[in-house]
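**Student:** Input structure: target.cif, which contains mmCIF, C-alpha atoms and all ligand atoms; chains and numbers go by the auth columns.
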data_data
loop_
_atom_site.group_PDB
_atom_site.id
_atom_site.type_symbol
_atom_site.label_atom_id
_atom_site.label_comp_id
_atom_site.label_asym_id
_atom_site.label_seq_id
_atom_site.Cartn_x
_atom_site.Cartn_y
_atom_site.Cartn_z
_atom_site.B_iso_or_equiv
_atom_site.auth_seq_id
_atom_site.auth_asym_id
ATOM 1 C CA MET A 1 56.078 119.688 69.097 0.00 1 A
ATOM 2 C CA VAL A 2 57.465 117.064 66.733 0.00 2 A
ATOM 3 C CA PHE A 3 55.996 116.551 63.297 0.00 3 A
ATOM 4 C CA ARG A 4 54.164 113.397 64.340 0.00 4 A
ATOM 5 C CA ASP A 5 52.339 115.305 67.072 0.00 5 A
ATOM 6 C CA VAL A 6 51.305 117.962 64.597 0.00 6 A
ATOM 7 C CA VAL A 7 49.940 115.294 62.280 0.00 7 A
ATOM 8 C CA ASN A 8 48.064 113.740 65.178 0.00 8 A
ATOM 9 C CA VAL A 9 46.583 117.084 66.136 0.00 9 A
ATOM 10 C CA ILE A 10 45.515 117.702 62.550 0.00 10 A
ATOM 11 C CA GLN A 11 44.020 114.220 62.268 0.00 11 A
ATOM 12 C CA GLU A 12 42.116 114.682 65.477 0.00 12 A
ATOM 13 C CA PHE A 13 40.829 117.954 64.193 0.00 13 A
ATOM 14 C CA ILE A 14 39.650 116.380 60.937 0.00 14 A
ATOM 15 C CA PHE A 15 38.509 113.103 62.449 0.00 15 A
ATOM 16 C CA PRO A 16 37.545 113.422 66.124 0.00 16 A
ATOM 17 C CA PRO A 17 38.785 110.401 68.124 0.00 17 A
ATOM 18 C CA GLY A 18 36.465 107.432 67.962 0.00 18 A
ATOM 19 C CA ALA A 19 34.296 109.023 65.262 0.00 19 A
ATOM 20 C CA VAL A 20 33.572 106.752 62.328 0.00 20 A
ATOM 21 C CA CYS A 21 31.911 107.051 58.959 0.00 21 A
ATOM 22 C CA PRO A 22 28.323 105.827 59.449 0.00 22 A
ATOM 23 C CA ALA A 23 28.446 103.898 56.168 0.00 23 A
ATOM 24 C CA CYS A 24 31.773 102.024 56.211 0.00 24 A
ATOM 25 C CA GLY A 25 33.045 102.277 59.792 0.00 25 A
ATOM 26 C CA ARG A 26 36.405 103.835 58.815 0.00 26 A
ATOM 27 C CA ALA A 27 37.641 106.833 60.822 0.00 27 A
ATOM 28 C CA GLY A 28 35.628 109.846 59.812 0.00 28 A
ATOM 29 C CA THR A 29 33.512 112.783 60.802 0.00 29 A
ATOM 30 C CA PRO A 30 30.283 112.049 62.646 0.00 30 A
ATOM 31 C CA ARG A 31 27.152 112.425 60.521 0.00 31 A
ATOM 32 C CA GLN A 32 29.083 112.562 57.250 0.00 32 A
ATOM 33 C CA LEU A 33 30.221 110.016 54.712 0.00 33 A
ATOM 34 C CA CYS A 34 34.012 109.678 54.679 0.00 34 A
ATOM 35 C CA PRO A 35 36.106 110.716 51.643 0.00 35 A
ATOM 36 C CA ALA A 36 36.649 107.054 50.672 0.00 36 A
ATOM 37 C CA CYS A 37 32.870 106.437 50.527 0.00 37 A
ATOM 38 C CA LEU A 38 32.244 109.625 48.568 0.00 38 A
ATOM 39 C CA LYS A 39 34.950 108.658 46.075 0.00 39 A
ATOM 40 C CA ALA A 40 33.554 105.134 45.659 0.00 40 A
ATOM 41 C CA TRP A 41 30.047 106.532 45.167 0.00 41 A
ATOM 42 C CA SER A 42 31.105 109.055 42.564 0.00 42 A
ATOM 43 C CA GLU A 43 33.033 106.391 40.644 0.00 43 A
ATOM 44 C CA LEU A 44 29.912 104.231 40.262 0.00 44 A
ATOM 45 C CA ALA A 45 28.388 106.589 37.709 0.00 45 A
ATOM 46 C CA GLN A 46 31.553 107.113 35.693 0.00 46 A
ATOM 47 C CA GLY A 47 31.064 106.558 31.981 0.00 47 A
ATOM 48 C CA MET A 48 27.283 106.236 32.330 0.00 48 A
ATOM 49 C CA GLY A 49 24.670 108.538 30.876 0.00 49 A
ATOM 50 C CA ILE A 50 21.284 109.203 32.441 0.00 50 A
ATOM 51 C CA CYS A 51 17.738 109.342 31.106 0.00 51 A
ATOM 52 C CA SER A 52 16.964 113.061 30.877 0.00 52 A
ATOM 53 C CA HIS A 53 13.512 112.545 32.433 0.00 53 A
ATOM 54 C CA CYS A 54 13.619 109.746 35.047 0.00 54 A
ATOM 55 C CA GLY A 55 17.344 110.002 35.813 0.00 55 A
ATOM 56 C CA ARG A 56 18.048 106.272 35.615 0.00 56 A
ATOM 57 C CA PHE A 57 21.583 105.445 34.631 0.00 57 A
ATOM 58 C CA GLY A 58 22.378 103.852 31.278 0.00 58 A
ATOM 59 C CA ASN A 59 23.402 104.786 27.811 0.00 59 A
ATOM 60 C CA PHE A 60 20.594 106.547 26.004 0.00 60 A
ATOM 61 C CA LEU A 61 20.759 108.153 22.603 0.00 61 A
ATOM 62 C CA PRO A 62 20.881 111.913 22.135 0.00 62 A
ATOM 63 C CA PRO A 63 19.301 114.345 21.465 0.00 63 A
ATOM 64 C CA ALA A 64 16.403 113.353 23.765 0.00 64 A
ATOM 65 C CA ALA A 65 18.444 110.812 25.781 0.00 65 A
ATOM 66 C CA LEU A 66 15.355 109.078 27.138 0.00 66 A
ATOM 67 C CA CYS A 67 15.097 105.505 28.417 0.00 67 A
ATOM 68 C CA ARG A 68 12.622 103.177 26.741 0.00 68 A
ATOM 69 C CA ASP A 69 9.985 103.610 29.479 0.00 69 A
ATOM 70 C CA CYS A 70 10.076 107.411 29.218 0.00 70 A
ATOM 71 C CA ARG A 71 9.942 107.239 25.412 0.00 71 A
ATOM 72 C CA THR A 72 6.878 104.991 25.598 0.00 72 A
ATOM 73 C CA GLU A 73 4.977 106.931 28.249 0.00 73 A
ATOM 74 C CA ARG A 74 6.513 109.922 30.002 0.00 74 A
ATOM 75 C CA PRO A 75 5.887 109.612 33.785 0.00 75 A
ATOM 76 C CA PRO A 76 3.819 112.557 35.110 0.00 76 A
ATOM 77 C CA PHE A 77 6.534 114.164 37.270 0.00 77 A
ATOM 78 C CA SER A 78 8.649 117.037 35.896 0.00 78 A
ATOM 79 C CA LEU A 79 11.994 115.411 36.644 0.00 79 A
ATOM 80 C CA ALA A 80 13.430 112.586 38.730 0.00 80 A
ATOM 81 C CA ARG A 81 17.023 112.388 39.911 0.00 81 A
ATOM 82 C CA GLY A 82 19.048 110.252 42.310 0.00 82 A
ATOM 83 C CA VAL A 83 22.432 110.856 43.884 0.00 83 A
ATOM 84 C CA ALA A 84 24.108 107.633 42.733 0.00 84 A
ATOM 85 C CA PRO A 85 23.507 104.309 40.976 0.00 85 A
ATOM 86 C CA TYR A 86 21.782 101.669 43.099 0.00 86 A
ATOM 87 C CA GLU A 87 24.828 99.402 43.179 0.00 87 A
ATOM 88 C CA GLY A 88 27.712 98.236 45.388 0.00 88 A
ATOM 89 C CA PRO A 89 28.439 100.597 48.284 0.00 89 A
ATOM 90 C CA VAL A 90 25.248 102.638 47.740 0.00 90 A
ATOM 91 C CA ARG A 91 23.107 99.500 47.983 0.00 91 A
ATOM 92 C CA ASP A 92 25.071 98.502 51.106 0.00 92 A
ATOM 93 C CA ALA A 93 24.520 101.897 52.766 0.00 93 A
ATOM 94 C CA LEU A 94 20.788 101.730 52.068 0.00 94 A
ATOM 95 C CA TYR A 95 20.654 98.246 53.536 0.00 95 A
ATOM 96 C CA LEU A 96 22.315 99.508 56.734 0.00 96 A
ATOM 97 C CA PHE A 97 19.906 102.439 56.838 0.00 97 A
ATOM 98 C CA LYS A 98 16.701 100.435 56.263 0.00 98 A
ATOM 99 C CA PHE A 99 17.336 97.077 57.843 0.00 99 A
ATOM 100 C CA ALA A 100 20.322 97.288 60.207 0.00 100 A
ATOM 101 C CA GLY A 101 19.270 100.098 62.531 0.00 101 A
ATOM 102 C CA LYS A 102 21.644 102.748 61.121 0.00 102 A
ATOM 103 C CA GLN A 103 19.033 105.461 61.061 0.00 103 A
ATOM 104 C CA GLU A 104 21.689 108.099 61.687 0.00 104 A
ATOM 105 C CA LEU A 105 22.540 107.685 57.989 0.00 105 A
ATOM 106 C CA ALA A 106 19.455 109.827 57.249 0.00 106 A
ATOM 107 C CA PHE A 107 21.526 112.938 57.854 0.00 107 A
ATOM 108 C CA PRO A 108 24.466 112.368 55.452 0.00 108 A
ATOM 109 C CA LEU A 109 22.277 110.701 52.830 0.00 109 A
ATOM 110 C CA GLY A 110 19.651 113.455 53.046 0.00 110 A
ATOM 111 C CA SER A 111 22.379 116.046 52.819 0.00 111 A
ATOM 112 C CA LEU A 112 23.690 114.584 49.543 0.00 112 A
ATOM 113 C CA MET A 113 20.114 114.549 48.213 0.00 113 A
ATOM 114 C CA ALA A 114 19.559 118.187 49.220 0.00 114 A
ATOM 115 C CA GLY A 115 22.736 119.147 47.350 0.00 115 A
ATOM 116 C CA LEU A 116 21.413 117.499 44.195 0.00 116 A
ATOM 117 C CA ALA A 117 18.018 119.203 44.554 0.00 117 A
ATOM 118 C CA ARG A 118 19.710 122.556 44.984 0.00 118 A
ATOM 119 C CA GLU A 119 21.615 121.997 41.774 0.00 119 A
ATOM 120 C CA LEU A 120 18.754 120.715 39.619 0.00 120 A
ATOM 121 C CA PHE A 121 15.316 121.731 40.853 0.00 121 A
ATOM 122 C CA PRO A 122 13.847 125.254 40.576 0.00 122 A
ATOM 123 C CA ARG A 123 13.856 125.982 44.280 0.00 123 A
ATOM 124 C CA ARG A 124 11.652 129.080 44.137 0.00 124 A
ATOM 125 C CA ALA A 125 8.812 127.023 42.671 0.00 125 A
ATOM 126 C CA LEU A 126 8.781 124.523 45.544 0.00 126 A
ATOM 127 C CA ALA A 127 6.232 124.427 48.380 0.00 127 A
ATOM 128 C CA GLY A 128 7.581 121.528 50.355 0.00 128 A
ATOM 129 C CA VAL A 129 8.962 118.024 50.642 0.00 129 A
ATOM 130 C CA VAL A 130 6.710 114.944 50.661 0.00 130 A
ATOM 131 C CA PRO A 131 7.991 111.441 51.502 0.00 131 A
ATOM 132 C CA VAL A 132 6.647 108.395 49.658 0.00 132 A
ATOM 133 C CA PRO A 133 4.451 106.909 52.388 0.00 133 A
ATOM 134 C CA LEU A 134 4.580 103.367 53.695 0.00 134 A
ATOM 135 C CA HIS A 135 1.372 101.573 54.545 0.00 135 A
ATOM 136 C CA PRO A 136 0.774 101.953 58.335 0.00 136 A
ATOM 137 C CA ASP A 137 1.082 98.158 58.826 0.00 137 A
ATOM 138 C CA ARG A 138 4.459 98.141 57.105 0.00 138 A
ATOM 139 C CA GLU A 139 5.624 101.176 59.068 0.00 139 A
ATOM 140 C CA ARG A 140 4.674 99.506 62.358 0.00 140 A
ATOM 141 C CA GLU A 141 6.599 96.419 61.304 0.00 141 A
ATOM 142 C CA ARG A 142 9.724 98.390 60.346 0.00 142 A
ATOM 143 C CA ARG A 143 9.182 101.029 63.083 0.00 143 A
ATOM 144 C CA PHE A 144 10.013 103.918 60.721 0.00 144 A
ATOM 145 C CA ASN A 145 9.542 105.087 57.160 0.00 145 A
ATOM 146 C CA GLN A 146 12.975 105.457 55.545 0.00 146 A
ATOM 147 C CA ALA A 147 11.613 107.940 52.986 0.00 147 A
ATOM 148 C CA ALA A 148 10.213 110.132 55.785 0.00 148 A
ATOM 149 C CA LEU A 149 13.608 110.245 57.557 0.00 149 A
ATOM 150 C CA LEU A 150 15.327 111.265 54.318 0.00 150 A
ATOM 151 C CA ALA A 151 12.584 113.805 53.521 0.00 151 A
ATOM 152 C CA ALA A 152 13.027 115.402 56.963 0.00 152 A
ATOM 153 C CA ALA A 153 16.777 115.812 56.377 0.00 153 A
ATOM 154 C CA VAL A 154 16.196 117.217 52.879 0.00 154 A
ATOM 155 C CA ALA A 155 13.505 119.674 54.054 0.00 155 A
ATOM 156 C CA ARG A 156 15.696 120.893 56.916 0.00 156 A
ATOM 157 C CA GLU A 157 18.660 121.523 54.663 0.00 157 A
ATOM 158 C CA LEU A 158 16.643 123.207 51.892 0.00 158 A
ATOM 159 C CA ARG A 159 14.532 125.129 54.425 0.00 159 A
ATOM 160 C CA LEU A 160 11.327 123.815 52.889 0.00 160 A
ATOM 161 C CA LEU A 161 8.142 122.626 54.600 0.00 161 A
ATOM 162 C CA LEU A 162 8.118 118.931 55.480 0.00 162 A
ATOM 163 C CA LEU A 163 4.682 117.672 54.438 0.00 163 A
ATOM 164 C CA ASN A 164 4.432 114.233 56.044 0.00 164 A
ATOM 165 C CA GLU A 165 0.662 114.323 55.824 0.00 165 A
ATOM 166 C CA ALA A 166 0.300 115.263 52.175 0.00 166 A
ATOM 167 C CA LEU A 167 0.104 111.686 50.951 0.00 167 A
ATOM 168 C CA PHE A 168 -1.080 108.408 52.485 0.00 168 A
ATOM 169 C CA ARG A 169 -0.773 104.833 51.347 0.00 169 A
ATOM 170 C CA VAL A 170 -4.327 103.594 51.633 0.00 170 A
ATOM 171 C CA ARG A 171 -3.769 100.155 50.219 0.00 171 A
ATOM 172 C CA GLU A 172 -0.891 97.748 50.727 0.00 172 A
ATOM 173 C CA THR A 173 0.192 96.356 47.385 0.00 173 A
ATOM 174 C CA PRO A 174 1.626 92.957 46.607 0.00 174 A
ATOM 175 C CA SER A 175 5.337 92.867 45.865 0.00 175 A
ATOM 176 C CA GLN A 176 6.159 94.542 42.570 0.00 176 A
ATOM 177 C CA THR A 177 9.120 92.389 41.690 0.00 177 A
ATOM 178 C CA THR A 178 7.302 89.734 39.683 0.00 178 A
ATOM 179 C CA LEU A 179 5.078 92.095 37.721 0.00 179 A
ATOM 180 C CA SER A 180 5.491 93.565 34.248 0.00 180 A
ATOM 181 C CA GLY A 181 5.393 97.346 33.756 0.00 181 A
ATOM 182 C CA ALA A 182 1.673 97.493 32.921 0.00 182 A
ATOM 183 C CA SER A 183 0.729 95.196 35.811 0.00 183 A
ATOM 184 C CA ARG A 184 2.746 97.321 38.230 0.00 184 A
ATOM 185 C CA ARG A 185 0.720 100.336 37.286 0.00 185 A
ATOM 186 C CA VAL A 186 -2.579 98.473 37.789 0.00 186 A
ATOM 187 C CA ASN A 187 -1.170 97.061 41.040 0.00 187 A
ATOM 188 C CA LEU A 188 -0.474 100.579 42.369 0.00 188 A
ATOM 189 C CA ALA A 189 -3.537 102.361 40.977 0.00 189 A
ATOM 190 C CA GLY A 190 -5.390 104.029 43.848 0.00 190 A
ATOM 191 C CA ALA A 191 -2.770 102.936 46.412 0.00 191 A
ATOM 192 C CA PHE A 192 -2.087 106.558 47.453 0.00 192 A
ATOM 193 C CA SER A 193 -4.431 109.265 48.584 0.00 193 A
ATOM 194 C CA PRO A 194 -3.763 112.940 49.354 0.00 194 A
ATOM 195 C CA GLY A 195 -4.114 114.037 52.980 0.00 195 A
ATOM 196 C CA LYS A 196 -5.018 117.368 54.515 0.00 196 A
ATOM 197 C CA ALA A 197 -1.483 118.778 54.166 0.00 197 A
ATOM 198 C CA ALA A 198 -1.964 118.606 50.381 0.00 198 A
ATOM 199 C CA ALA A 199 -3.751 121.968 50.776 0.00 199 A
ATOM 200 C CA HIS A 200 -0.263 123.533 51.066 0.00 200 A
ATOM 201 C CA LEU A 201 0.526 122.363 47.548 0.00 201 A
ATOM 202 C CA GLN A 202 -2.150 124.197 45.565 0.00 202 A
ATOM 203 C CA GLY A 203 -0.529 125.560 42.429 0.00 203 A
ATOM 204 C CA LYS A 204 2.964 124.883 43.757 0.00 204 A
ATOM 205 C CA GLY A 205 5.817 122.499 43.056 0.00 205 A
ATOM 206 C CA VAL A 206 6.748 119.724 45.443 0.00 206 A
ATOM 207 C CA VAL A 207 9.761 117.476 46.027 0.00 207 A
ATOM 208 C CA LEU A 208 8.749 113.817 46.364 0.00 208 A
ATOM 209 C CA VAL A 209 11.373 111.848 48.318 0.00 209 A
ATOM 210 C CA ASP A 210 12.056 108.113 48.255 0.00 210 A
ATOM 211 C CA ASP A 211 15.136 106.012 48.938 0.00 211 A
ATOM 212 C CA VAL A 212 15.371 104.284 45.547 0.00 212 A
ATOM 213 C CA TYR A 213 13.982 104.784 42.052 0.00 213 A
ATOM 214 C CA THR A 214 13.733 101.481 40.208 0.00 214 A
ATOM 215 C CA THR A 215 10.771 100.970 37.858 0.00 215 A
ATOM 216 C CA GLY A 216 9.392 104.398 38.654 0.00 216 A
ATOM 217 C CA ALA A 217 5.894 102.961 39.186 0.00 217 A
ATOM 218 C CA THR A 218 5.704 104.225 42.781 0.00 218 A
ATOM 219 C CA ALA A 219 7.024 107.704 41.917 0.00 219 A
ATOM 220 C CA ALA A 220 4.600 107.965 39.001 0.00 220 A
ATOM 221 C CA GLU A 221 1.580 106.923 41.065 0.00 221 A
ATOM 222 C CA CYS A 222 2.458 109.302 43.936 0.00 222 A
ATOM 223 C CA SER A 223 2.971 112.102 41.395 0.00 223 A
ATOM 224 C CA ARG A 224 -0.447 111.437 39.838 0.00 224 A
ATOM 225 C CA SER A 225 -2.000 111.719 43.281 0.00 225 A
ATOM 226 C CA LEU A 226 -0.151 114.965 44.176 0.00 226 A
ATOM 227 C CA LEU A 227 -0.971 116.559 40.815 0.00 227 A
ATOM 228 C CA ALA A 228 -4.646 115.566 41.181 0.00 228 A
ATOM 229 C CA ALA A 229 -4.588 117.198 44.641 0.00 229 A
ATOM 230 C CA GLY A 230 -3.511 120.510 43.072 0.00 230 A
ATOM 231 C CA ALA A 231 0.309 120.510 42.954 0.00 231 A
ATOM 232 C CA SER A 232 1.604 122.227 39.817 0.00 232 A
ATOM 233 C CA SER A 233 4.654 120.003 39.407 0.00 233 A
ATOM 234 C CA VAL A 234 6.451 117.145 41.130 0.00 234 A
ATOM 235 C CA TYR A 235 10.236 116.720 41.344 0.00 235 A
ATOM 236 C CA VAL A 236 11.286 113.241 42.417 0.00 236 A
ATOM 237 C CA LEU A 237 14.422 113.010 44.560 0.00 237 A
ATOM 238 C CA THR A 238 15.983 109.701 45.594 0.00 238 A
ATOM 239 C CA LEU A 239 19.256 108.605 47.066 0.00 239 A
ATOM 240 C CA ALA A 240 19.766 105.784 44.571 0.00 240 A
ATOM 241 C CA THR A 241 18.596 105.213 41.020 0.00 241 A
ATOM 242 C CA ALA A 242 18.560 101.960 39.081 0.00 242 A
ATOM 243 C CA VAL A 243 21.013 101.263 36.296 0.00 243 A
ATOM 244 C CA LEU A 244 19.104 100.274 33.166 0.00 244 A
ATOM 245 C CA LYS A 245 20.398 97.652 30.861 0.00 245 A
ATOM 246 C CA GLU A 246 17.721 98.147 28.249 0.00 246 A
ATOM 247 C CA GLY A 247 15.719 94.972 27.760 0.00 247 A
ATOM 248 C CA ASN A 248 16.121 93.874 31.391 0.00 248 A
ATOM 249 C CA ARG A 249 13.195 94.162 33.693 0.00 249 A
ATOM 250 C CA GLN A 250 14.026 96.244 36.784 0.00 250 A
ATOM 251 C CA GLU A 251 12.974 95.293 40.251 0.00 251 A
ATOM 252 C CA GLU A 252 10.874 97.529 42.452 0.00 252 A
ATOM 253 C CA SER A 253 12.296 97.868 45.943 0.00 253 A
HETATM 254 ZN ZN ZN B . 32.911 105.678 54.667 0.00 1 B
HETATM 255 ZN ZN ZN B . 13.581 107.422 31.808 0.00 2 B
#
Show how you would write the structure in this file as structure tokens.
Ligand SMILES: [Zn+2]
Ligand SMILES: [Zn+2]

**Tutor:**
Amino acid sequence: MVFRDVVNVIQEFIFPPGAVCPACGRAGTPRQLCPACLKAWSELAQGMGICSHCGRFGNFLPPAALCRDCRTERPPFSLARGVAPYEGPVRDALYLFKFAGKQELAFPLGSLMAGLARELFPRRALAGVVPVPLHPDRERERRFNQAALLAAAVARELRLLLLNEALFRVRETPSQTTLSGASRRVNLAGAFSPGKAAAHLQGKGVVLVDDVYTTGATAAECSRSLLAAGASSVYVLTLATAVLKEGNRQEES
């Protein structure tokens, strides 16, 4: 066997023939992001700090290292964290996942999220994983809830209960993008309601899963609802998190 054959055998072992990275289409392992994607994703956050409470990227002053929103009014969850900044290749991957039929991305994206949860959240305190719900009309239109697909992958990997019926969106809300912070909160007030699966959460912690954390209004309102239903604490887990340039208004996805 000449050297080239050995290399080919090794390459086929690492990257099965025809298998491509579900995010960028380069040769890769099925159901995983390729090394080039992982490198690009990790580079996005280089040199950036994060808000110690909501996890948004930016440069915040120690010792508290809180963003302006969290300094003004701390959102009711215990902690929120995302895998990577909502920029460049991460934004592209989420677009493919939500709008271009690449639902198989739920597995690699959910797996990255589960890794982060394992590192940061107190696993023993957790009862289950709850996706941020879509309104039924919106879900029919899109044919799936992206947060529910991610939550299923996260729950499977962390061996936690998937509680799809713990929270419902009872009211569709107008787009958040044109509203100020206070108006967003009024806009979302009462939009979510706990369902029967919330009974599993009594006195326990829960992981709330969404694809992106931007203003945090949705995560805060869902957390309020879960805490009112009896959960002891809410840990918010997203794939992407906004980068804050303090003074700029962030858009809600
Ligand atoms: Zn890739
Ligand atoms: Zn914050």

**Student:** Can you translate the PyMOL selection byres (((not hetatm)) within 12 of (chain B and resi 2)) into the concrete residues it hits in this file, as a PyMOL selection string?

**Tutor:** chain A and resi 49-61+64-81+213-217+220+241-246

**Student:** Mind giving me the straight-line distance from CA of Asn164 (chain A) to CA of Tyr235 (chain A) in Å, one decimal?

**Tutor:**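 It comes out at 16.0 Å.
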
**Student:** Using all atoms listed in the file, find the one residue out of A:Arg171, A:Ala84, A:Lys196, A:Ala27 that sits nearest to Arg138 (chain A).

**Tutor:** A:Arg171

**Student:** For CA of Leu227 (chain A) and CA of Leu167 (chain A), determine how far apart the two atoms are, in Å to one decimal place.

**Tutor:**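 Computed distance, CA of Leu227 (chain A) to CA of Leu167 (chain A), equals 11.3 Å.
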
**Student:** Please write as a short mmCIF file (atom, residue, chain, number, x, y, z; two decimals) with C-alpha atoms, keeping the file's coordinate frame the full residue list that the PyMOL selection byres (((not hetatm)) within 8 of (chain B and resi 1)) yields on this file.

**Tutor:**
data_model
loop_
_atom_site.label_atom_id
_atom_site.label_comp_id
_atom_site.auth_asym_id
_atom_site.auth_seq_id
_atom_site.Cartn_x
_atom_site.Cartn_y
_atom_site.Cartn_z
CA VAL A 20 33.57 106.75 62.33
CA CYS A 21 31.91 107.05 58.96
CA PRO A 22 28.32 105.83 59.45
CA ALA A 23 28.45 103.90 56.17
CA CYS A 24 31.77 102.02 56.21
CA GLY A 25 33.04 102.28 59.79
CA ARG A 26 36.40 103.84 58.82
CA ALA A 27 37.64 106.83 60.82
CA GLY A 28 35.63 109.85 59.81
CA LEU A 33 30.22 110.02 54.71
CA CYS A 34 34.01 109.68 54.68
CA PRO A 35 36.11 110.72 51.64
CA ALA A 36 36.65 107.05 50.67
CA CYS A 37 32.87 106.44 50.53
CA LEU A 38 32.24 109.62 48.57
#
